[in-house]
Amino acid sequence: MVPELLRTNRNFRLYFIGRSITALTLAIGPVVLPFAVLAAHGSATSVATVLTAQEAPIIVLVLIGGVLGDRYERMTILAGANTLSSVAQFIMAALLLTHTAEVPTLLAAALLSG
C-alpha cells in the first residue's frame, strides 16, 4: 500500500527517496565510524579526531549554507551537499569492506562527509 503522494508526485517521490538514503547513512555512519577507526588504529585519540573532523565542517559551514540557500536555488544546494556526503560515506564503506582503511583516509572521508 503506497501512499497517494508517493505515486502521484514525482518531486516528492525523489525527495522522499533521497531523504531516506541520507537519513540511513547519517544513522549508520556515527555508529560504524568509531569501530572502524579503532580497528584501523586502536586509539581513542584517533576516534575523537575523526569524529571531530566529521562534525567540524557542519559547525563551520552552516552559516555559509544559509547564505547560499538565500541566494541560490535550495534544491540544488541540498542535492549537492547530500551527494557529496553520500560519496564520502561510500568511500568509507569501500575502505572498510576492502580492509584498506587507515586513519588518515578515514579522517579525509569524514571531513568530506561533514
# chains A, B, ... in the order shown; residues from 1 in each chain; ligands from 1
$ residues_around --residues "range 85-98 of chain A" --least-positions-apart "2" --cutoff "7 Å" --atoms "only C-alpha atoms" --output "MDAnalysis selection string"
chainID A and resid 81:83 100:101 106 109 112:114
$ write_last_selection --atoms "N, CA, C and O atoms" --output "mmCIF file, in the first residue's frame"
data_model
loop_
_atom_site.group_PDB
_atom_site.id
_atom_site.type_symbol
_atom_site.label_atom_id
_atom_site.label_comp_id
_atom_site.auth_asym_id
_atom_site.auth_seq_id
_atom_site.Cartn_x
_atom_site.Cartn_y
_atom_site.Cartn_z
ATOM 1 N N ALA A 81 25.016 18.912 -1.557
ATOM 2 C CA ALA A 81 25.540 18.560 -0.239
ATOM 3 C C ALA A 81 25.267 17.099 0.098
ATOM 4 O O ALA A 81 26.143 16.391 0.612
ATOM 5 N N ASN A 82 24.068 16.622 -0.203
ATOM 6 C CA ASN A 82 23.737 15.226 0.061
ATOM 7 C C ASN A 82 24.538 14.274 -0.815
ATOM 8 O O ASN A 82 24.944 13.201 -0.365
ATOM 9 N N THR A 83 24.771 14.651 -2.059
ATOM 10 C CA THR A 83 25.577 13.825 -2.951
ATOM 11 C C THR A 83 27.006 13.731 -2.455
ATOM 12 O O THR A 83 27.597 12.640 -2.417
ATOM 13 N N THR A 100 41.210 -1.826 3.780
ATOM 14 C CA THR A 100 42.318 -0.920 3.492
ATOM 15 C C THR A 100 42.169 0.407 4.228
ATOM 16 O O THR A 100 42.850 1.368 3.899
ATOM 17 N N ALA A 101 41.297 0.449 5.203
ATOM 18 C CA ALA A 101 41.032 1.697 5.930
ATOM 19 C C ALA A 101 42.199 2.035 6.849
ATOM 20 O O ALA A 101 42.631 1.222 7.649
ATOM 21 N N LEU A 106 40.334 7.665 6.559
ATOM 22 C CA LEU A 106 39.056 7.805 7.238
ATOM 23 C C LEU A 106 38.836 9.247 7.689
ATOM 24 O O LEU A 106 37.723 9.754 7.637
ATOM 25 N N ALA A 109 37.830 11.240 4.584
ATOM 26 C CA ALA A 109 36.455 10.921 4.188
ATOM 27 C C ALA A 109 35.453 11.491 5.182
ATOM 28 O O ALA A 109 34.383 11.967 4.800
ATOM 29 N N LEU A 112 35.123 15.174 4.473
ATOM 30 C CA LEU A 112 34.302 15.359 3.283
ATOM 31 C C LEU A 112 32.828 15.076 3.575
ATOM 32 O O LEU A 112 31.935 15.769 3.084
ATOM 33 N N SER A 113 32.580 14.087 4.407
ATOM 34 C CA SER A 113 31.208 13.743 4.765
ATOM 35 C C SER A 113 30.529 14.860 5.559
ATOM 36 O O SER A 113 29.350 15.130 5.371
ATOM 37 N N GLY A 114 31.284 15.481 6.433
ATOM 38 C CA GLY A 114 30.732 16.585 7.211
ATOM 39 C C GLY A 114 30.421 17.770 6.367
ATOM 40 O O GLY A 114 29.436 18.463 6.524
#
$ closest_atom_pairs --of "range 33-79 of chain A" --to "range 13-23 of chain A" --cutoff "12 Å" --atoms "only C-alpha atoms" --output "tab-separated table"
residue	atom	partner	partner_atom	distance
A:Met75	CA	A:Tyr15	CA	9.5
A:Thr76	CA	A:Tyr15	CA	12.0
A:Leu78	CA	A:Arg19	CA	10.1
A:Ala79	CA	A:Gly18	CA	8.5
$ atom_distance --atom1 "CA of Arg10 in chain A" --atom2 "CA of Leu26 in chain A"
24.1 Å
$ atom_distance --atom1 "CA of Pro3 in chain A" --atom2 "CA of Leu24 in chain A"
20.6 Å
$ closest_residue --among "A:Leu84, A:Val60, A:Leu107, A:Val67" --to "Ala36 in chain A" --atoms "only C-alpha atoms"
A:Leu107
$ residues_around --residues "Leu111 in chain A" --least-positions-apart "4" --cutoff "10 Å" --atoms "only C-alpha atoms" --output "list in words"
Val50, Leu51, Thr52, Ala53, Gln54, Glu55, Ala56, Pro57, Ile58, Ser85, Ala88, Thr105, Leu106 and Leu107 of chain A
$ write_last_selection --atoms "C-alpha atoms" --output "CSV table (one decimal), in the first residue's frame"
chain,number,residue,atom,x,y,z
A,50,VAL,CA,37.9,11.5,13.1
A,51,LEU,CA,34.6,12.3,14.8
A,52,THR,CA,35.6,15.9,15.3
A,53,ALA,CA,36.6,16.1,11.6
A,54,GLN,CA,33.2,14.9,10.7
A,55,GLU,CA,31.4,17.5,12.8
A,56,ALA,CA,33.6,20.5,12.3
A,57,PRO,CA,32.6,21.3,8.7
A,58,ILE,CA,28.9,21.2,9.8
A,85,SER,CA,28.1,13.3,1.8
A,88,ALA,CA,32.2,10.2,1.3
A,105,THR,CA,41.9,8.2,4.8
A,106,LEU,CA,39.1,7.8,7.2
A,107,LEU,CA,39.8,11.3,8.5
